[in-house]
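S.K.: Please read through the structure below; I'll follow up with questions.
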Amino acid sequence: MSAFLKLLFRNRLAALGAVVLGAILLLVLLIPVLPLKDPNATATADRFLRPFSEGHLLGTDHLGRDLLSRLLHGTRLSLAVGLAAALIAATIGSAIGIVAGYFGGRIDNLIMRGVDMLMAFPYILLALAIVAALGPGLMNALIAVAAVNIPFFARNIRGITVGLAGREFIDAARLAGLGHTRIIVSELLPNVLSTIVIAMSTTVGWMILETAGLSFLGLGSQPPQADLGSMLGEARAALITAPHTSVVPGVMIFLIVMSINLLGDGVRDALDPRLRSGALSRPRATTLVDRTGPVPEDDGKGLLALQQLQTEFHVGKRVFRAVGGVTLHVEKGECLGLIGESGSGKSVTALSVMGLVSSPPGVVTGGAVRYAGEDLLAMRYADLRQRRGENVAYIFQDPLATLHPLYRVGEQLAEAIRCHHKVSESETRERALELLRAVRIPNAESRLGDYPHEMSGGMRQRVGIAMALANDPDVIIADEPTTALDVTVQAQILALLDDLRRERGLAIIFITHDFGVVAQLCDRVAVMYAGRIVEQGPTKAVLAAPAHPYTSRLIACVPELGGGRRELAAIPGLPPSVDDLPPGCAFAPRCDKAQTACRQGEIALEGTGPRAVRCLFPEEAV
Amino acid sequence: MGRYILKRLASAIPVLLGITVIVFLIMAMIPGDPATAILGSYATPENVEKINRDLGLDKPLVQRYFIWLGNMLQGDFGRSFSLNRPVLDEILDRFGATLILAGTSFVLCAVLGIVAGVVSAARQYGLADKAITFTVLIGISIPAFFLGMMMILLFAVKLRWLPVSGMYAIYGGGDLPDLLRHLIMPALALAAVATGVIARLSRSAMLEVLRQDYIRTARAKGVPERRVIYGHALRAAMVSIIPVLGIQAGFVLSGAVYIEIVFQWPGVGRMLVDAILKRDILLVQGGVVFVAACYVLFNIMVDVAQSLLDPRIKT
Ligand code: SF4
């Protein structure tokens with residue numbers, strides 16, 4: 001709702017801009033038929049009449065000239081000059097840009113060097129220099145403003161053209177023997193036209209302002225001809241005695257520029273779909289929790305337990321049920337594997353535990369997450385924050401993106417410690433060193449001063465693990481921690497995690513899409529598909545005799561453990577989109593054994609002992 | 001670091017040369033006899049002969065450029081005929097005033113803009129965000145010279161809080177408090193547009209950064225939200241804010257021309273406008289080259305600041 005209101009608000013502003021600008025344009029176009037006085041007719045007796053005086057709606061200026069008439073004429077002149085400058089700048093700038101982009105090589109180099117030089121000026125200085133050479137005057141001001149905006153167009157259009165020049169249709173035109181001019185005019189120009197128009201719409205406001213500015217300085221339009229800038233400039237002398245003569249043209253410039261800005265913003269927002277979907281909203285400090293149903297009772301299972309957890313993404317009117325009632329638990333010293341393809345909801349499940357799902361758009365809509373019996377979802381932010389890293393820590397995939405690029409590794413480790421414990425600087429450093437050694441980083445001492453980009457992928461991931469260990473947590477949630485690494489490094493990291501688990505009695509939830517990794521590390525495994533668990537059980541038992549058709553396919557994807565390489569049997573089809581799940585088994589569209597019964601109604605997760613499966617026709621009875 | 005600064009300084013040399021070429025070419029567009037144009041009403045036969053000799057105006061264009069450049073490198077920017085004194089002396093006398101005005105404005109717009117943008121992003125869609133967004137919209141649409149005039153009307157004429165114009169009071173004054181009282185209005189008027197632009201950019205840069213994976217990592221570590229936003233996110237956002245500060249500095253320097261006129265601030269901008277109106281070509285030429293060169297040097301400082309912040313930049 002608020003996203004909708006926001007969009008409306010924004011559109012309203014754009015509409016307001018359009019209305020104001022439209023009204024101004026209309027007034028200006030109607031000048032010939034409006035009953036206006038002669039803008040240049042002086043009447044010294046009527047100097048400085050206030051607004052709303054007899055016969056002069058906006059009053060008169062220092063020569064007794066009618067302000068309303070002068071305002072409209074001045075507005076027309078300002079708009080015309082600004083627009084003309086924009087057109088000239090766009091035409092010449094785009095021509096330069098297209099030529100540079102199309103020919104490339106040395107021509108491009110030379111032209112762009114020149115453009116860079118021009119852009120090295122504070123732009124009004126350049127305009128002043130041009131006016132100084134040509135002499136004051138409206139025409140010269142127009143030329144100056146157009147000239148200083150040429151580099152902007154040249155650079156923009158060149159960028160687009162370079163991209164286009166390498167495309168097939170240009171090559172085809174060349175092969176067909178068309179000349180350069182033909183190609184530029186008939187092939188390139190139509191494709192860059194929209195960019196030119198957009199660039200013009202964003203700069204025309206500036207150019208109106210700039211020409212008005214030059215006129216204000218007395219370098220543009222010369223009396224008696226007056227644009228808005230020179231009206232303001234002339235009125236300045238009487239600013240204190242007759243402020244209305246300044247306010248009238250000033251407000252008009254403001255209205256013109258603002259309405260153009262509003263309109264431009266609205267158009268840009270409308271064209272940028274990222275803003276529309278609310279993707280640029282700021283994620284809150286924790287995931288929004290909005291549980292409609294009752295909160296499940298604590299069943300005393302496990303150190304960390306998820307009970308009927310439901311997490312959804314609300315994007316506009318669409319609802320993506322990323323996690324649809326997941327129940328899991330992990331004991332002290334145990335490693336649980338959570339496996340599934342990307343998009344199965346396994347990462348969202350993991351992030352939901354500590355409220356790390358981005359919200360908006362994420363919302364936890366049901367269930368409970370219990371750490372030592374306490375419901376984390378019901379906790380206040382301050383309490384939850386204290387448990388993050390201290391009790392439950394995360395290791396993420398791709399440490400290049402997940403470590404802060406601008407902080408040294410040592411600083412990031414120290415921070416992890418110090419946001420939970422008040423310890424001295426030297427102790428923190430000792431601890432950080434200890435951690436780096438614990439994850440077997442050689443030359444730990446010197447590594448503390450490194451930035452993440454200075455390390456190899458494997459070393460970075462070790463830092464990620466060290467950071468997770470910083471406060472001796474009881475539970476570690478590792479989200480595909482080895483996916484970005486090569487095989488040898490992956491094996492080292494897995495061995496490291498296994499050792500740490502045994503030494504420290506850590507509970508690990510290990511998220512992966514690779515059964516090979518699960519086989520090496522995990523005691524138990526849960527298989528996720530379309531936001532739900534479809535099979536779970538002890539790793540050995542599941543590997544030996546998978547019950548769910550999806551599980552057996554996943555296992556088939558792994559090269560035989562210990563044996564030679566086997567054909568990779570990719571699973572045909574894609575996981576379903578979780579905003580529109582069919583009734584019954586979500587895997588049915590990709591399942592060989594699917595029958596009509598599978599597509600009707602809810603299928604329960606059933607089994608005996610530690611094993612369970614969500615399938616009507618399992619491969620093995622459990 | 002020292003080497004990086006030297007490298008950047010070296011790379012500025014071609015840019016500076018380019019600037020002199022551009023200014024020279026623009027001045028070569030002056031219609032008619034250059035000597036007469038430069039001298040204007042001072043064009044007595046002796047003067048014409050003297051200036052032809054000094055500037056080599058009777059020589060070919062390329063040669064003239066090198067004579068001019070050589071003179072400038074020796075600190076000789078020519079002589080202003082309207083003021084009857086060397087151009088460089090006049091510029092140096094006035095540059096301090098412009099530096100105070102533009103420098104203050106730049107600090108104001110950087111600080112206010114970033115604070116407003118960050119607060120706006122941190123309270124997205126809240127009251128503060130809406131208020132800031134609205135103010136920014138007004139700020140970037142109001143021409144600086146008009147804003148300055150309205151400020152004079154309100155604060156100097158109506159409320160009588162601040163002096164109308166000038167840099168120091170004519171009687172008494174001359175000390176720092178006096179300068180500050182004169183500085184407030186022009187500095188604010190000059191900073192308005194840039195503040196708005198920087199605030200907008202800072203807001204979107206923060207929103208972009210707050211979605212990054214390393215922010216999630218910071219939260220997962222248990223870093224308090226305050227530190228997440230004002231530490232981790234702001235630091236990363238600065239990487240995209242700093243280059244815009246460099247660009248905005250150019251706009252502040254440009255805007256100073258208007259503001260110096262409105263507030264009768266005795267700076268280079270006002271000198272340039274006066275010089276153009278009096279057709280004092282050498283003064284304009286020298287002033288433009290001087291200010292543009294300062295801006296190039298300032299941008300090197302911006303680059304150095306950026307490299308200090310971002311270790312990924314190869315120094
Ligand atoms: S329930 Fe039916 S469709 Fe689903 S996995 Fe089992 S057999 Fe296949």
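Please note that chains go A, B, ... in the order of the structure tokens, that every chain numbers its residues from 1, and that ligands are numbered from 1 in the order shown.
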Using only C-alpha atoms and all ligand atoms, determine which residues fall within 10 Å of ligand 1, then list them as an NGL selection string.

M.R.: :A and (534 or 547-551 or 584-600 or 602-604 or 613-619)

S.K.: Suppose we keep C-alpha atoms; can you now write the selection as a short mmCIF file (atom, residue, chain, number, x, y, z; two decimals), in the first residue's frame?

M.R.:
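Result file selection20.cif:
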data_model
loop_
_atom_site.label_atom_id
_atom_site.label_comp_id
_atom_site.auth_asym_id
_atom_site.auth_seq_id
_atom_site.Cartn_x
_atom_site.Cartn_y
_atom_site.Cartn_z
CA VAL A 534 10.42 -33.00 0.48
CA ALA A 547 12.81 -42.00 -1.38
CA HIS A 548 11.71 -38.85 -3.20
CA PRO A 549 12.14 -38.85 -6.97
CA TYR A 550 13.67 -35.37 -6.70
CA THR A 551 16.27 -36.59 -4.20
CA GLY A 584 -0.48 -30.95 -4.94
CA CYS A 585 3.12 -31.91 -5.51
CA ALA A 586 5.25 -29.04 -6.77
CA PHE A 587 7.63 -31.48 -8.44
CA ALA A 588 4.89 -33.15 -10.49
CA PRO A 589 5.66 -31.26 -13.76
CA ARG A 590 9.19 -32.66 -13.75
CA CYS A 591 8.45 -36.09 -12.25
CA ASP A 592 8.43 -39.30 -14.32
CA LYS A 593 6.13 -41.01 -11.88
CA ALA A 594 3.58 -38.26 -11.60
CA GLN A 595 -0.05 -39.36 -11.64
CA THR A 596 -3.33 -37.53 -11.37
CA ALA A 597 -3.41 -38.07 -7.63
CA CYS A 598 -0.15 -36.15 -7.27
CA ARG A 599 -1.79 -32.98 -8.56
CA GLN A 600 -4.67 -33.01 -6.14
CA GLU A 602 -1.73 -31.35 -0.04
CA ILE A 603 0.81 -34.16 0.34
CA ALA A 604 2.15 -34.63 3.88
CA VAL A 613 9.30 -38.06 2.56
CA ARG A 614 6.66 -35.91 0.87
CA CYS A 615 5.61 -38.15 -2.02
CA LEU A 616 2.67 -40.40 -2.87
CA PHE A 617 4.74 -42.87 -4.83
CA PRO A 618 8.18 -42.84 -3.20
CA GLU A 619 11.06 -44.79 -4.67
#

S.K.: Pick out each residue of stretch 17-224 of chain B that DSSP on the backbone tags as strand (DSSP E); I need them as number ranges by chain.

M.R.: B: 79-80, 85-86

S.K.: Excluding B:Gly250 and any residue of its chain fewer than 3 positions from it, enumerate the residues within 10 Å of it, using only C-alpha atoms, and give them as an MDAnalysis selection string.

M.R.: (chainID A and resid 119:125) or (chainID B and resid 102 106 194 244:247 253:256 292 295:296 298:299)

S.K.: With only C-alpha atoms considered, list every residue of chain B at most 7 Å from chain A, as a ChimeraX atom specification.

M.R.: /B:15,18-19,26-27,29-30,124,141-143,146,153,207-208,210-211,213-214,216-217,220-225,236,250-251,253-254,276,279,281,284,288,292,296,310-311

S.K.: Between atom CA of B:Tyr4 and atom CA of B:Pro243, what distance in Å does the model show, to one decimal?

M.R.: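 Atom CA of B:Pro243 lies 17.2 Å from atom CA of B:Tyr4.
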
S.K.: Could you name the residues that touch A:Asp38 at 8 Å or less, counting only C-alpha atoms, but leaving out those on the same chain fewer than 4 positions away, as a ChimeraX atom specification?

M.R.: /A:65-66,69

S.K.: Restrict the selected residues to all heavy atoms and save them as a PDB file, in the first residue's frame.

M.R.:
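Output file part_30.pdb follows:
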ATOM      1  N   ARG A  65       6.915  50.276 -17.295  1.00  0.00           N
ATOM      2  CA  ARG A  65       6.427  49.321 -18.292  1.00  0.00           C
ATOM      3  C   ARG A  65       5.611  48.240 -17.598  1.00  0.00           C
ATOM      4  O   ARG A  65       5.890  47.878 -16.442  1.00  0.00           O
ATOM      5  CB  ARG A  65       7.611  48.690 -19.027  1.00  0.00           C
ATOM      6  CG  ARG A  65       8.382  49.716 -19.842  1.00  0.00           C
ATOM      7  CD  ARG A  65       9.614  49.134 -20.461  1.00  0.00           C
ATOM      8  NE  ARG A  65      10.610  48.763 -19.459  1.00  0.00           N
ATOM      9  CZ  ARG A  65      11.883  48.498 -19.774  1.00  0.00           C
ATOM     10  NH1 ARG A  65      12.292  48.552 -21.026  1.00  0.00           N
ATOM     11  NH2 ARG A  65      12.736  48.171 -18.832  1.00  0.00           N
ATOM     12  N   ASP A  66       4.611  47.724 -18.285  1.00  0.00           N
ATOM     13  CA  ASP A  66       3.699  46.743 -17.686  1.00  0.00           C
ATOM     14  C   ASP A  66       4.446  45.430 -17.438  1.00  0.00           C
ATOM     15  O   ASP A  66       4.958  44.805 -18.366  1.00  0.00           O
ATOM     16  CB  ASP A  66       2.507  46.499 -18.613  1.00  0.00           C
ATOM     17  CG  ASP A  66       1.536  45.533 -17.988  1.00  0.00           C
ATOM     18  OD1 ASP A  66       1.100  45.784 -16.843  1.00  0.00           O
ATOM     19  OD2 ASP A  66       1.239  44.499 -18.623  1.00  0.00           O
ATOM     20  N   SER A  69       3.012  42.019 -19.115  1.00  0.00           N
ATOM     21  CA  SER A  69       3.346  41.905 -20.529  1.00  0.00           C
ATOM     22  C   SER A  69       4.825  41.571 -20.710  1.00  0.00           C
ATOM     23  O   SER A  69       5.195  40.690 -21.480  1.00  0.00           O
ATOM     24  CB  SER A  69       3.000  43.217 -21.237  1.00  0.00           C
ATOM     25  OG  SER A  69       3.510  43.190 -22.549  1.00  0.00           O
TER      26      SER A  69
END

S.K.: Quick one, how far is atom CA of A:Asp514 from atom CA of A:Leu543?

M.R.: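 Between atom CA of A:Asp514 and atom CA of A:Leu543 the gap works out to 12.2 Å.
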
S.K.: Which neighbours of A:Thr241 fall inside 12 Å, counting only C-alpha atoms, when residues of the same chain fewer than 3 positions from it are skipped, and could you give them as a list in words?

M.R.: Arg47, Phe48, Leu49, Arg50, Asp61, His62, Ala235, Arg236, Ala237, Ala238, His244, Thr245 and Ser246 of chain A; Leu153, Val157 and Lys158 of chain B

S.K.: Keeping only C-alpha atoms, write the selected residues to a file as a compact mmCIF listing (two decimals), in the first residue's frame.

M.R.:
# COMPACT_ATOMS: atom_id res chain seq x y z
CA ARG A 47 7.01 53.81 -12.17
CA PHE A 48 7.10 50.94 -9.70
CA LEU A 49 3.35 50.43 -9.44
CA ARG A 50 2.59 47.56 -7.06
CA ASP A 61 8.93 48.37 -13.51
CA HIS A 62 11.40 51.21 -13.15
CA ALA A 235 15.25 44.90 -11.25
CA ARG A 236 18.14 44.22 -8.93
CA ALA A 237 18.94 47.90 -8.59
CA ALA A 238 15.49 48.45 -7.09
CA HIS A 244 8.01 42.87 -6.82
CA THR A 245 9.93 43.75 -9.97
CA SER A 246 12.50 41.11 -8.94
CA LEU B 153 15.21 40.93 1.14
CA VAL B 157 16.15 44.20 4.74
CA LYS B 158 13.19 42.75 6.64

S.K.: Could you check which of B:Gly231, B:Pro163, B:Pro31, B:Pro86 is closest to B:Val118, using only C-alpha atoms?

M.R.: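 Of B:Gly231, B:Pro163, B:Pro31, B:Pro86, the one nearest B:Val118 is B:Gly231, counting only C-alpha atoms.
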
S.K.: Hey, what does DSSP flag as helix (DSSP H, G or I) within stretch 317-441 of chain A? Can you give it to me as JSON, numbers by chain?

M.R.: {"A": [346, 347, 348, 349, 350, 351, 352, 353, 376, 377, 378, 381, 382, 383, 384, 385, 386, 387, 399, 400, 401, 402, 409, 410, 411, 412, 413, 414, 415, 416, 417, 418, 425, 426, 427, 428, 429, 430, 431, 432, 433, 434, 435, 436, 437, 438]}

S.K.: Could you give me, as number ranges by chain, the residues within 7 Å of A:Ala14, counting only C-alpha atoms and dropping anything in the same chain fewer than 4 positions from it?

M.R.: A: 10, 18, 262-263, 266

S.K.: Kindly export the residues of the current selection with N, CA and C atoms, as a PDB file, in the first residue's frame.

M.R.:
ATOM      1  N   ARG A  10       4.670  10.271  -6.406  1.00  0.00           N
ATOM      2  CA  ARG A  10       5.692  10.633  -7.373  1.00  0.00           C
ATOM      3  C   ARG A  10       5.059  11.016  -8.712  1.00  0.00           C
ATOM      4  N   ALA A  18       3.954  18.779 -15.246  1.00  0.00           N
ATOM      5  CA  ALA A  18       3.401  18.859 -16.596  1.00  0.00           C
ATOM      6  C   ALA A  18       2.351  19.958 -16.681  1.00  0.00           C
ATOM      7  N   LEU A 262      10.595  18.294 -12.341  1.00  0.00           N
ATOM      8  CA  LEU A 262       9.597  17.326 -11.876  1.00  0.00           C
ATOM      9  C   LEU A 262       9.233  16.360 -12.999  1.00  0.00           C
ATOM     10  N   LEU A 263       9.008  16.956 -14.143  1.00  0.00           N
ATOM     11  CA  LEU A 263       8.609  16.132 -15.284  1.00  0.00           C
ATOM     12  C   LEU A 263       9.712  15.142 -15.628  1.00  0.00           C
ATOM     13  N   GLY A 266       9.888  12.346 -13.086  1.00  0.00           N
ATOM     14  CA  GLY A 266       8.774  11.416 -13.257  1.00  0.00           C
ATOM     15  C   GLY A 266       9.030  10.486 -14.422  1.00  0.00           C
TER      16      GLY A 266
END
